[in-house]
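Trainee: File model11.txt follows (compact mmCIF, C-alpha atoms):
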# COMPACT_ATOMS: atom_id res chain seq x y z
CA MET A 1 0.00 0.00 0.00
CA ARG A 2 1.83 3.02 1.30
CA ASN A 3 5.21 1.51 0.74
CA LYS A 4 4.59 1.12 -2.97
CA ARG A 5 7.70 2.39 -4.65
CA PHE A 6 8.09 5.99 -5.67
CA PHE A 7 9.09 5.13 -9.22
CA SER A 8 6.16 2.86 -9.87
CA ARG A 9 3.86 5.67 -8.81
CA LEU A 10 5.80 8.01 -11.08
CA SER A 11 5.35 5.62 -14.00
CA ASP A 12 1.64 5.44 -13.22
CA PHE A 13 1.52 9.20 -13.46
CA VAL A 14 3.30 9.19 -16.81
CA GLU A 15 1.07 6.43 -18.21
CA TYR A 16 -2.34 7.48 -16.95
CA GLY A 17 -1.73 11.21 -16.73
CA SER A 18 -2.98 11.41 -13.18
CA PHE A 19 -1.99 10.05 -9.85
CA ARG A 20 -4.27 7.13 -9.01
CA GLU A 21 -4.75 8.02 -5.41
CA GLU A 22 -7.37 5.42 -4.60
CA GLU A 23 -4.92 2.55 -5.04
CA TYR A 24 -2.55 3.86 -2.44
CA THR A 25 -4.97 4.95 0.25
CA LEU A 26 -5.53 2.56 3.07
CA SER A 27 -8.68 0.55 3.36
CA PRO A 28 -10.85 1.77 6.28
CA SER A 29 -10.33 -1.35 8.38
CA HIS A 30 -6.59 -1.22 7.88
CA LYS A 31 -6.51 2.44 8.70
CA ALA A 32 -8.50 1.96 11.87
CA ASN A 33 -6.04 -0.67 12.96
CA ILE A 34 -3.08 1.68 12.75
CA ASP A 35 -4.72 4.95 13.71
CA THR A 36 -6.11 3.73 17.01
CA ASP A 37 -4.26 5.72 19.54
CA THR A 38 -3.45 2.94 21.96
CA PRO A 39 -0.30 3.29 24.07
CA GLU A 40 1.23 0.24 22.37
CA ASN A 41 0.87 1.72 18.94
CA ARG A 42 2.33 5.05 20.01
CA TRP A 43 5.25 3.30 21.60
CA LEU A 44 5.78 1.17 18.50
CA THR A 45 5.88 4.13 16.07
CA SER A 46 8.18 6.19 18.28
CA VAL A 47 10.64 3.32 18.58
CA GLN A 48 10.53 2.75 14.82
CA HIS A 49 11.14 6.44 14.24
CA SER A 50 14.14 6.78 16.53
CA GLU A 51 15.71 3.50 15.46
CA ARG A 52 16.14 4.46 11.83
CA SER A 53 18.94 6.67 10.54
CA ALA A 54 18.41 9.94 8.68
CA PRO A 55 18.84 8.61 5.09
CA VAL A 56 16.35 5.85 5.71
CA ARG A 57 13.89 8.33 7.14
CA LEU A 58 14.47 10.57 4.11
CA MET A 59 13.73 7.65 1.79
CA ASP A 60 10.59 6.87 3.75
CA TRP A 61 9.49 10.46 3.49
CA LEU A 62 10.16 10.37 -0.25
CA LYS A 63 8.06 7.24 -0.58
CA LEU A 64 5.21 8.89 1.24
CA ARG A 65 5.36 12.46 0.02
CA GLY A 66 7.87 12.42 -2.86
CA PHE A 67 5.30 12.02 -5.52
CA GLU A 68 3.26 15.07 -4.59
CA VAL A 69 6.42 17.14 -4.26
CA PHE A 70 7.59 15.97 -7.67
CA ASN A 71 4.20 16.68 -9.18
CA ASN A 72 4.17 20.26 -7.93
CA LEU A 73 7.78 20.88 -8.94
CA TYR A 74 7.07 19.43 -12.38
CA ARG A 75 4.22 21.85 -12.99
CA ILE A 76 6.15 24.88 -11.78
CA ALA A 77 9.25 23.91 -13.77
CA SER A 78 7.28 23.33 -16.98
CA VAL A 79 5.69 26.78 -16.74
CA ILE A 80 9.07 28.41 -16.03
CA ILE A 81 10.80 26.60 -18.91
CA CYS A 82 7.98 27.49 -21.31
CA ILE A 83 8.04 31.18 -20.40
CA THR A 84 11.85 31.29 -20.65
CA LEU A 85 11.75 29.67 -24.08
CA ILE A 86 9.13 32.13 -25.33
CA ALA A 87 11.14 35.06 -23.95
CA VAL A 88 14.37 33.84 -25.59
CA LEU A 89 12.73 33.27 -28.97
CA LEU A 90 10.93 36.63 -28.93
CA SER A 91 14.12 38.45 -27.97
CA VAL A 92 15.89 36.78 -30.90
CA VAL A 93 13.19 38.10 -33.25
CA VAL A 94 14.21 41.65 -32.32
CA PHE A 95 17.73 41.05 -33.63
CA LEU A 96 16.66 39.43 -36.91
CA PRO A 97 17.60 41.37 -40.06
CA PRO A 98 14.67 42.89 -41.98
CA PHE A 99 12.91 40.63 -44.46
CA GLY A 100 14.35 40.84 -47.97
CA SER A 101 17.05 43.38 -47.19
CA ASP A 102 20.25 43.53 -49.25
CA ASP A 103 22.79 43.11 -46.46
CA ASN A 104 21.23 40.03 -44.90
CA PRO A 105 23.76 37.33 -44.02
CA ALA A 106 21.84 34.94 -46.28
CA VAL A 107 22.77 37.03 -49.33
CA ASN A 108 26.19 35.66 -50.16
CA GLU A 109 28.06 34.28 -53.16
CA VAL A 110 25.88 31.15 -53.27
CA VAL A 111 22.74 33.22 -53.82
CA GLU A 112 24.50 35.41 -56.37
CA ARG A 113 25.58 32.33 -58.25
CA TYR A 114 22.04 30.92 -58.22
CA VAL A 115 20.48 34.18 -59.36
CA SER A 116 22.97 34.99 -62.10
CA LYS A 117 23.84 31.58 -63.50
CA THR A 118 20.70 29.43 -63.15
CA VAL A 119 19.26 30.19 -66.59
CA GLU A 120 22.61 29.72 -68.25
CA GLU A 121 23.59 26.51 -66.47
CA THR A 122 20.30 24.66 -65.98
CA GLY A 123 18.05 26.24 -68.60
CA ALA A 124 15.28 26.89 -66.08
CA THR A 125 13.80 30.39 -65.86
CA ASN A 126 12.29 29.44 -62.51
CA SER A 127 15.46 29.57 -60.44
CA VAL A 128 13.82 27.69 -57.55
CA ALA A 129 13.22 24.70 -59.84
CA GLY A 130 16.79 24.96 -61.11
CA MET A 131 18.06 24.97 -57.54
CA ILE A 132 15.90 22.09 -56.29
CA SER A 133 16.18 19.77 -59.26
CA ALA A 134 19.59 20.53 -60.74
CA TYR A 135 21.95 22.11 -58.20
CA ARG A 136 20.47 20.19 -55.28
CA GLY A 137 19.16 17.19 -57.17
CA PHE A 138 20.54 14.71 -54.66
CA ASP A 139 18.74 16.45 -51.82
CA THR A 140 15.46 16.09 -53.69
CA LEU A 141 16.27 12.46 -54.45
CA GLY A 142 16.61 11.91 -50.70
CA GLU A 143 13.23 13.55 -50.14
CA ALA A 144 11.62 11.30 -52.74
CA HIS A 145 13.13 8.31 -50.93
CA VAL A 146 11.72 9.56 -47.63
CA LEU A 147 8.26 9.59 -49.22
CA PHE A 148 8.81 6.08 -50.56
CA VAL A 149 9.93 4.72 -47.19
CA ALA A 150 7.01 6.48 -45.43
CA ALA A 151 4.52 4.89 -47.82
CA CYS A 152 6.21 1.49 -47.33
CA SER A 153 5.94 1.71 -43.55
CA VAL A 154 2.28 2.78 -43.74
CA ILE A 155 1.64 -0.27 -45.93
CA VAL A 156 3.45 -2.52 -43.43
CA LEU A 157 1.45 -1.11 -40.52
CA LEU A 158 -2.04 -0.73 -41.96
CA ARG A 159 -2.45 -3.13 -44.87
CA VAL A 160 -5.10 -5.81 -44.45
CA ASP A 161 -4.50 -9.00 -46.38
CA PRO A 162 -7.42 -9.57 -48.78
CA SER A 163 -7.34 -13.38 -48.26
CA GLU A 164 -7.63 -12.88 -44.50
CA ARG A 165 -10.58 -10.60 -45.07
CA ARG A 166 -12.38 -13.12 -47.24
CA ARG A 167 -12.06 -15.78 -44.55
CA GLY A 168 -13.51 -13.32 -42.08
CA ARG A 169 -10.43 -13.16 -39.90
CA LEU A 170 -9.40 -9.61 -39.31
CA VAL A 171 -5.85 -8.89 -38.34
CA ASP A 172 -6.87 -6.04 -36.11
CA PRO A 173 -9.91 -6.83 -33.98
CA GLY A 174 -10.59 -3.13 -33.46
CA MET A 175 -11.13 -2.70 -37.19
CA THR A 176 -14.78 -3.20 -37.95
CA GLY A 177 -16.09 -4.62 -41.19
CA GLU A 178 -17.92 -1.47 -42.19
CA ASP A 179 -14.65 0.39 -42.14
CA LEU A 180 -12.97 -2.09 -44.46
CA ASP A 181 -15.73 -2.25 -47.05
CA PHE A 182 -16.32 1.43 -46.74
CA GLU A 183 -18.23 2.85 -49.66
CA PRO A 184 -19.32 6.38 -48.97
CA ASN A 185 -22.96 7.15 -49.69
CA SER A 186 -22.00 10.77 -50.04
CA ASP A 187 -24.53 13.47 -50.56
CA LEU A 188 -25.47 15.22 -53.75
CA ILE A 189 -23.60 18.45 -53.06
CA LEU A 190 -20.28 16.67 -52.57
CA ARG A 191 -20.74 14.58 -55.73
CA LYS A 192 -21.68 17.55 -57.91
CA ALA A 193 -18.82 19.64 -56.50
CA ALA A 194 -16.37 16.79 -57.02
CA LYS A 195 -17.50 16.38 -60.63
CA LEU A 196 -16.40 19.96 -61.17
CA LEU A 197 -13.29 19.97 -58.97
CA VAL A 198 -11.63 16.62 -59.72
CA PRO A 199 -10.82 17.32 -63.39
CA LEU A 200 -9.80 20.86 -62.48
CA SER A 201 -7.35 19.72 -59.82
CA PHE A 202 -5.89 17.08 -62.16
CA ILE A 203 -5.40 19.60 -64.96
CA LEU A 204 -3.96 22.21 -62.61
CA GLY A 205 -1.61 19.59 -61.13
CA LEU A 206 -0.41 18.54 -64.58
CA TYR A 207 0.04 22.21 -65.55
CA VAL A 208 2.09 22.93 -62.43
CA ILE A 209 4.28 19.86 -62.97
CA LEU A 210 4.91 20.49 -66.68
CA ASN A 211 5.57 24.21 -66.18
CA GLY A 212 7.85 23.60 -63.22
CA THR A 213 10.86 24.94 -65.12
CA THR A 214 9.26 28.20 -66.19
CA SER A 215 6.78 29.15 -63.46
CA PRO A 216 6.47 28.64 -59.70
CA GLY A 217 5.62 25.09 -58.75
CA GLY A 218 7.17 21.79 -59.71
CA GLY A 219 6.96 18.18 -58.73
CA PHE A 220 5.92 18.50 -55.11
CA SER A 221 3.20 21.12 -55.57
CA GLY A 222 1.73 19.52 -58.68
CA GLY A 223 1.91 16.06 -57.15
CA ALA A 224 0.12 17.30 -54.05
CA LEU A 225 -2.65 18.74 -56.25
CA MET A 226 -3.04 15.51 -58.20
CA GLY A 227 -3.03 13.42 -55.01
CA ALA A 228 -5.70 15.68 -53.51
CA GLY A 229 -7.74 15.21 -56.70
CA LEU A 230 -7.45 11.41 -56.43
CA ILE A 231 -8.53 11.52 -52.78
CA LEU A 232 -11.47 13.79 -53.59
CA CYS A 233 -12.49 11.38 -56.35
CA SER A 234 -12.47 8.40 -53.98
CA VAL A 235 -14.31 10.36 -51.26
CA ALA A 236 -17.10 11.44 -53.59
CA PHE A 237 -17.54 8.41 -55.86
CA GLY A 238 -16.24 5.55 -53.71
CA PHE A 239 -13.13 3.43 -53.94
CA GLY A 240 -14.58 1.28 -56.73
CA ARG A 241 -14.43 4.18 -59.15
CA THR A 242 -10.81 4.99 -58.33
CA GLN A 243 -9.76 1.35 -58.39
CA ARG A 244 -10.77 1.08 -62.04
CA PHE A 245 -7.86 3.24 -63.13
CA PHE A 246 -5.63 3.24 -60.05
CA GLY A 247 -5.41 -0.13 -58.36
CA ASP A 248 -2.76 -2.01 -56.48
CA GLY A 249 -0.64 -3.02 -59.49
CA MET A 250 -0.81 0.41 -61.07
CA TYR A 251 0.28 2.01 -57.82
CA HIS A 252 3.34 -0.21 -57.42
CA LEU A 253 4.28 0.18 -61.08
CA VAL A 254 4.06 3.98 -61.10
CA LYS A 255 5.82 4.39 -57.78
CA THR A 256 8.79 2.14 -58.46
CA VAL A 257 9.25 3.26 -62.07
CA CYS A 258 9.23 6.93 -61.03
CA LEU A 259 11.70 6.47 -58.22
CA ALA A 260 13.98 4.24 -60.31
CA SER A 261 14.01 6.66 -63.25
CA TYR A 262 14.80 9.56 -60.94
CA ALA A 263 17.66 7.59 -59.38
CA LEU A 264 18.91 6.70 -62.87
CA MET A 265 18.94 10.37 -63.89
CA MET A 266 20.89 11.22 -60.75
CA ALA A 267 23.30 8.35 -61.46
CA TYR A 268 23.84 9.90 -64.89
CA PHE A 269 24.74 13.16 -63.12
CA ILE A 270 27.30 11.29 -61.03
CA PHE A 271 28.96 9.75 -64.06
CA MET A 272 29.08 13.11 -65.83
CA GLY A 273 30.96 14.77 -62.97
CA ALA A 274 28.42 15.00 -60.18
CA ASN A 275 27.64 18.69 -60.51
CA GLY A 276 24.68 18.36 -62.78
CA PHE A 277 25.29 21.20 -65.19
CA ASP A 278 28.06 19.93 -67.46
CA ASP A 279 26.04 16.91 -68.52
CA HIS A 280 25.66 17.27 -72.30
CA VAL A 281 21.86 17.24 -72.02
CA TRP A 282 20.19 19.63 -74.42
CA LEU A 283 18.98 22.49 -72.24
CA GLY A 284 16.42 23.80 -74.67
CA VAL A 285 15.25 27.36 -75.12
CA PRO A 286 14.87 28.99 -71.70
CA GLY A 287 11.24 29.92 -71.16
CA SER A 288 9.62 27.20 -73.25
CA ILE A 289 8.02 24.11 -71.71
CA ILE A 290 10.62 21.68 -72.98
CA SER A 291 13.66 23.29 -71.43
CA GLY A 292 15.90 22.79 -68.47
CA GLY A 293 17.37 19.46 -69.57
CA LEU A 294 16.60 16.81 -67.00
CA ILE A 295 14.49 19.06 -64.79
CA LEU A 296 11.25 18.29 -66.64
CA PRO A 297 11.53 14.47 -66.36
CA ILE A 298 12.62 14.84 -62.73
CA ASN A 299 9.56 17.00 -62.04
CA ILE A 300 7.26 14.45 -63.67
CA ALA A 301 8.78 11.59 -61.65
CA VAL A 302 8.57 13.48 -58.37
CA GLY A 303 5.02 14.64 -59.09
CA LEU A 304 3.71 11.14 -59.80
CA GLU A 305 5.55 9.82 -56.75
CA VAL A 306 3.98 12.43 -54.48
CA ALA A 307 0.49 11.88 -55.91
CA CYS A 308 0.84 8.09 -55.41
CA THR A 309 2.06 8.50 -51.84
CA MET A 310 -0.80 10.79 -50.85
CA TYR A 311 -3.49 8.55 -52.27
CA CYS A 312 -1.79 5.51 -50.72
CA PHE A 313 -1.85 7.14 -47.27
CA TYR A 314 -5.54 7.93 -47.57
CA ALA A 315 -6.58 4.53 -48.92
CA LEU A 316 -4.60 2.61 -46.30
CA PHE A 317 -5.94 4.73 -43.44
CA ARG A 318 -9.47 4.34 -44.73
CA LYS A 319 -9.80 0.69 -45.69
CA GLY A 320 -6.43 -1.02 -45.29
CA GLY A 321 -5.59 -1.53 -48.95
CA LEU A 322 -5.42 0.17 -52.30
CA MET B 1 2.88 45.08 -43.83
CA THR B 2 -0.51 45.91 -45.19
CA LEU B 3 -3.77 45.89 -43.25
CA PHE B 4 -4.80 42.68 -45.04
CA GLU B 5 -1.69 40.84 -43.87
CA GLY B 6 -2.19 42.16 -40.35
CA ILE B 7 -5.73 40.80 -40.21
CA LEU B 8 -4.57 37.45 -41.58
CA LEU B 9 -1.75 37.24 -39.04
CA ALA B 10 -4.16 38.04 -36.20
CA PHE B 11 -6.45 35.25 -37.42
CA LEU B 12 -3.44 32.93 -37.65
CA ILE B 13 -2.48 33.54 -34.03
CA ALA B 14 -6.09 33.15 -32.90
CA CYS B 15 -6.34 29.83 -34.76
CA ALA B 16 -3.04 28.58 -33.35
CA ILE B 17 -4.11 29.31 -29.78
CA SER B 18 -7.63 27.94 -30.14
CA VAL B 19 -6.38 24.66 -31.71
CA SER B 20 -4.51 23.86 -28.53
CA VAL B 21 -7.29 25.08 -26.23
CA THR B 22 -10.27 23.39 -27.90
CA ARG B 23 -11.33 20.15 -26.20
CA ASN B 24 -13.50 18.90 -29.05
CA LEU B 25 -11.23 16.97 -31.43
CA LEU B 26 -13.39 17.48 -34.50
CA ALA B 27 -13.54 21.22 -33.91
CA SER B 28 -9.79 21.44 -33.41
CA ILE B 29 -9.17 19.71 -36.76
CA ILE B 30 -11.47 22.14 -38.52
CA ILE B 31 -9.65 25.06 -36.88
CA PHE B 32 -6.37 23.49 -38.01
CA MET B 33 -7.74 23.40 -41.57
CA SER B 34 -8.56 27.10 -41.41
CA PHE B 35 -5.07 27.75 -40.04
CA SER B 36 -3.59 26.09 -43.14
CA LEU B 37 -5.88 28.04 -45.46
CA ILE B 38 -4.87 31.36 -43.89
CA MET B 39 -1.23 30.28 -44.08
CA SER B 40 -1.58 29.54 -47.80
CA VAL B 41 -2.99 33.03 -48.45
CA LEU B 42 -0.07 34.42 -46.46
CA TRP B 43 2.36 32.47 -48.64
CA LEU B 44 0.73 34.16 -51.64
CA THR B 45 1.30 37.60 -50.13
CA LEU B 46 4.94 36.61 -49.47
CA GLU B 47 5.21 35.85 -53.22
CA ALA B 48 5.61 32.10 -52.89
CA PRO B 49 2.71 30.68 -54.95
CA ASP B 50 4.22 27.20 -55.15
CA LEU B 51 4.26 26.94 -51.37
CA ALA B 52 0.71 28.31 -51.29
CA ILE B 53 -0.49 25.52 -53.59
CA THR B 54 1.26 22.86 -51.52
CA GLU B 55 -0.01 24.28 -48.24
CA ALA B 56 -3.60 24.38 -49.50
CA ALA B 57 -3.46 20.82 -50.88
CA VAL B 58 -1.45 19.14 -48.14
CA GLY B 59 -2.09 21.21 -45.03
CA ALA B 60 -5.75 22.03 -45.49
CA GLY B 61 -6.76 18.99 -47.52
CA VAL B 62 -4.87 15.78 -47.04
CA THR B 63 -3.57 16.18 -43.48
CA SER B 64 -7.04 17.00 -42.15
CA LEU B 65 -8.55 14.09 -44.08
CA LEU B 66 -6.00 11.74 -42.51
CA PHE B 67 -6.85 13.18 -39.08
CA PHE B 68 -10.56 12.60 -39.75
CA ALA B 69 -9.90 9.01 -40.87
CA THR B 70 -7.81 8.35 -37.76
CA LEU B 71 -10.43 9.84 -35.45
CA LYS B 72 -13.09 7.65 -37.04
CA LYS B 73 -10.87 4.59 -36.70
CA ILE B 74 -10.31 5.14 -32.99
CA HIS B 75 -14.06 5.91 -32.58
CA ALA B 76 -13.42 9.45 -31.38
CA ILE B 77 -16.07 10.76 -33.76
CA LYS B 78 -19.27 8.96 -34.67
CA ALA B 79 -19.56 7.36 -38.07
CA GLU B 80 -21.67 9.35 -40.52
CA ASP B 81 -23.50 6.21 -41.59
CA ALA B 82 -24.75 5.44 -38.10
CA LYS B 83 -25.90 9.02 -37.72
CA SER B 84 -27.80 9.11 -41.01
CA GLU B 85 -29.45 5.78 -40.14
CA GLU B 86 -30.60 7.28 -36.88
CA ASP B 87 -32.04 10.25 -38.73
CA GLU B 88 -33.89 7.96 -41.11
CA SER B 89 -35.36 5.94 -38.27
CA ASP B 90 -36.48 9.18 -36.62
CA GLU B 91 -38.27 10.20 -39.77
CA GLU B 92 -40.05 6.87 -39.94
Do you think you could lay out the structure here as structure tokens?
Mentor:
Amino acid sequence: MRNKRFFSRLSDFVEYGSFREEEYTLSPSHKANIDTDTPENRWLTSVQHSERSAPVRLMDWLKLRGFEVFNNLYRIASVIICITLIAVLLSVVVFLPPFGSDDNPAVNEVVERYVSKTVEETGATNSVAGMISAYRGFDTLGEAHVLFVAACSVIVLLRVDPSERRRGRLVDPGMTGEDLDFEPNSDLILRKAAKLLVPLSFILGLYVILNGTTSPGGGFSGGALMGAGLILCSVAFGFGRTQRFFGDGMYHLVKTVCLASYALMMAYFIFMGANGFDDHVWLGVPGSIISGGLILPINIAVGLEVACTMYCFYALFRKGGL
Amino acid sequence: MTLFEGILLAFLIACAISVSVTRNLLASIIIFMSFSLIMSVLWLTLEAPDLAITEAAVGAGVTSLLFFATLKKIHAIKAEDAKSEEDESDEE
């Protein structure tokens, strides 16, 4: 009861968020037994008290009262730390250089190089696309791999085996059947709005991806638009409609082909000297759609990859399969 | 900073505080969605339209949808189907 260890009570607090007092209080009969103020009991407690040394008594006190003391200190300390952090961050804001000013520390030779040489070296009039896909192509390749690994781990965690489902054995007992065979009976407004918005978002996504070299946007933005369009389609018309053109096999094909082709393009950069702008790829006329050398195919690959990943997340969360 | 940006920033701070204060999970997700929408308009005023597109699609759209799906899966919000069935039975 009372002598339950301090750390087990602490772990209870961390797990359940509150101190479960009722477990540690004495039962009435037990309490009556100890609290009766007979001379024997008083004698017994005084002897026990004087017999023990100071450290032991300190430990006993900690066992009895340590948790409440820790709890109060924890709250006070968390408030103090939070306020200090806010104060430090706000005081740093005062010393920040003004937004977009010429003598910011961020304006150095790297930025000058990007601004002055991007069109010449990568063929992209959108210098952000030139930076992301050509100068820092390997960085973007790593990001694409992060997306791939994230989608893989979601599949590992949430996928429900179709053969298991047919036999009626669910892997996760908390997952109810209606969730797995979820077909939304969505209302009229959503369906009519989706009929208008789905093609628009697909076309806008394609436009953003294909014009990544000449206007703001690129693979990630366009892919996000297309993925949102796919999700909207499956929300409004049900998974059956989406599965007709984007099923399991299609998903795996698109995803792996895109990632592999991107990796191959980057491997080509490595063999040509690893800097990505002396690569003998025709750069095209700056400003037209087909320009920027390898930036356009990289944008397409990244865009399809992002769209696939987004739809995969939604489908696996919703019904445990594509 | 124009008046428009100031209003948007004030809304942004209000959203950020109310997300953490709201106890209703559904309401906090919807506030989070509006936070992302305001943020995407702010990206536009900062002349970053590509970020605005991504923020609107990912932040306001897909992230919130995933939150909704998760909340339904852990039975934190009631399924729409059950609700509509209840309504139908009431009508009968």
Trainee: Show me which bits of chain B are within 6 Å of chain A, counting all atoms listed in the file, as a PyMOL selection string.
Mentor: chain B and resi 50+54+57
Trainee: Box in all listed atoms of region 83-98 of chain A, axis-aligned, with 4 Å more on each side; write out centre and edge lengths in Å to one decimal as lines of an AutoDock Vina configuration file.
Mentor:
center_x = 12.9
center_y = 36.3
center_z = -31.2
size_x = 17.7
size_y = 21.2
size_z = 29.6
Trainee: Report as a PyMOL selection string all protein, DNA and RNA residues lying within 12 Å of Leu46 (chain B), evaluated on all atoms listed in the file, omitting residues in the same chain fewer than 3 positions from it.
Mentor: (chain A and resi 99-100) or (chain B and resi 1-2+5+39-43+49-52)
Trainee: Keeping only C-alpha atoms, write those residues as a PDB file, in the coordinates of the input.
Mentor:
ATOM      1  CA  PHE A  99      12.910  40.630 -44.460  1.00  0.00           C
ATOM      2  CA  GLY A 100      14.350  40.840 -47.970  1.00  0.00           C
TER       3      GLY A 100
ATOM      4  CA  MET B   1       2.880  45.080 -43.830  1.00  0.00           C
ATOM      5  CA  THR B   2      -0.510  45.910 -45.190  1.00  0.00           C
ATOM      6  CA  GLU B   5      -1.690  40.840 -43.870  1.00  0.00           C
ATOM      7  CA  MET B  39      -1.230  30.280 -44.080  1.00  0.00           C
ATOM      8  CA  SER B  40      -1.580  29.540 -47.800  1.00  0.00           C
ATOM      9  CA  VAL B  41      -2.990  33.030 -48.450  1.00  0.00           C
ATOM     10  CA  LEU B  42      -0.070  34.420 -46.460  1.00  0.00           C
ATOM     11  CA  TRP B  43       2.360  32.470 -48.640  1.00  0.00           C
ATOM     12  CA  PRO B  49       2.710  30.680 -54.950  1.00  0.00           C
ATOM     13  CA  ASP B  50       4.220  27.200 -55.150  1.00  0.00           C
ATOM     14  CA  LEU B  51       4.260  26.940 -51.370  1.00  0.00           C
ATOM     15  CA  ALA B  52       0.710  28.310 -51.290  1.00  0.00           C
TER      16      ALA B  52
END
Trainee: Separation of CA of Gly6 (chain B) and CA of Ala27 (chain B), in Å?
Mentor: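 Spanning CA of Gly6 (chain B) to CA of Ala27 (chain B) is a straight-line distance of 24.7 Å.
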Trainee: So how far away is CA of Ile31 (chain B) from CA of Leu8 (chain B), in Å?
Mentor: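 It comes out at 14.2 Å.
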Trainee: Expressed in Å to a single decimal, how great is the separation between CA of Ile38 (chain B) and CA of Val58 (chain B)?
Mentor: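 CA of Val58 (chain B) lies at a distance of 13.4 Å from CA of Ile38 (chain B).
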Trainee: Under the rule that all atoms listed in the file are counted, which of A:Leu147, A:Ser127, A:Phe237, A:Met266 is the nearest residue to Leu188 (chain A)?
Mentor: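 Answer, going by the shortest atom-to-atom distance: A:Phe237.
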Trainee: With only C-alpha atoms as the atoms that count, which of B:Leu44, B:Leu25, B:Ile53, B:Val19 lies nearest to His75 (chain B)?
Mentor: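 Selected residue with least distance to His75 (chain B): B:Leu25.
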Trainee: Which residues are close to Cys15 (chain B), i.e. within 10 Å by only C-alpha atoms, leaving aside same-chain residues fewer than 3 positions away? Reply as a count of residues only.
Mentor: 17
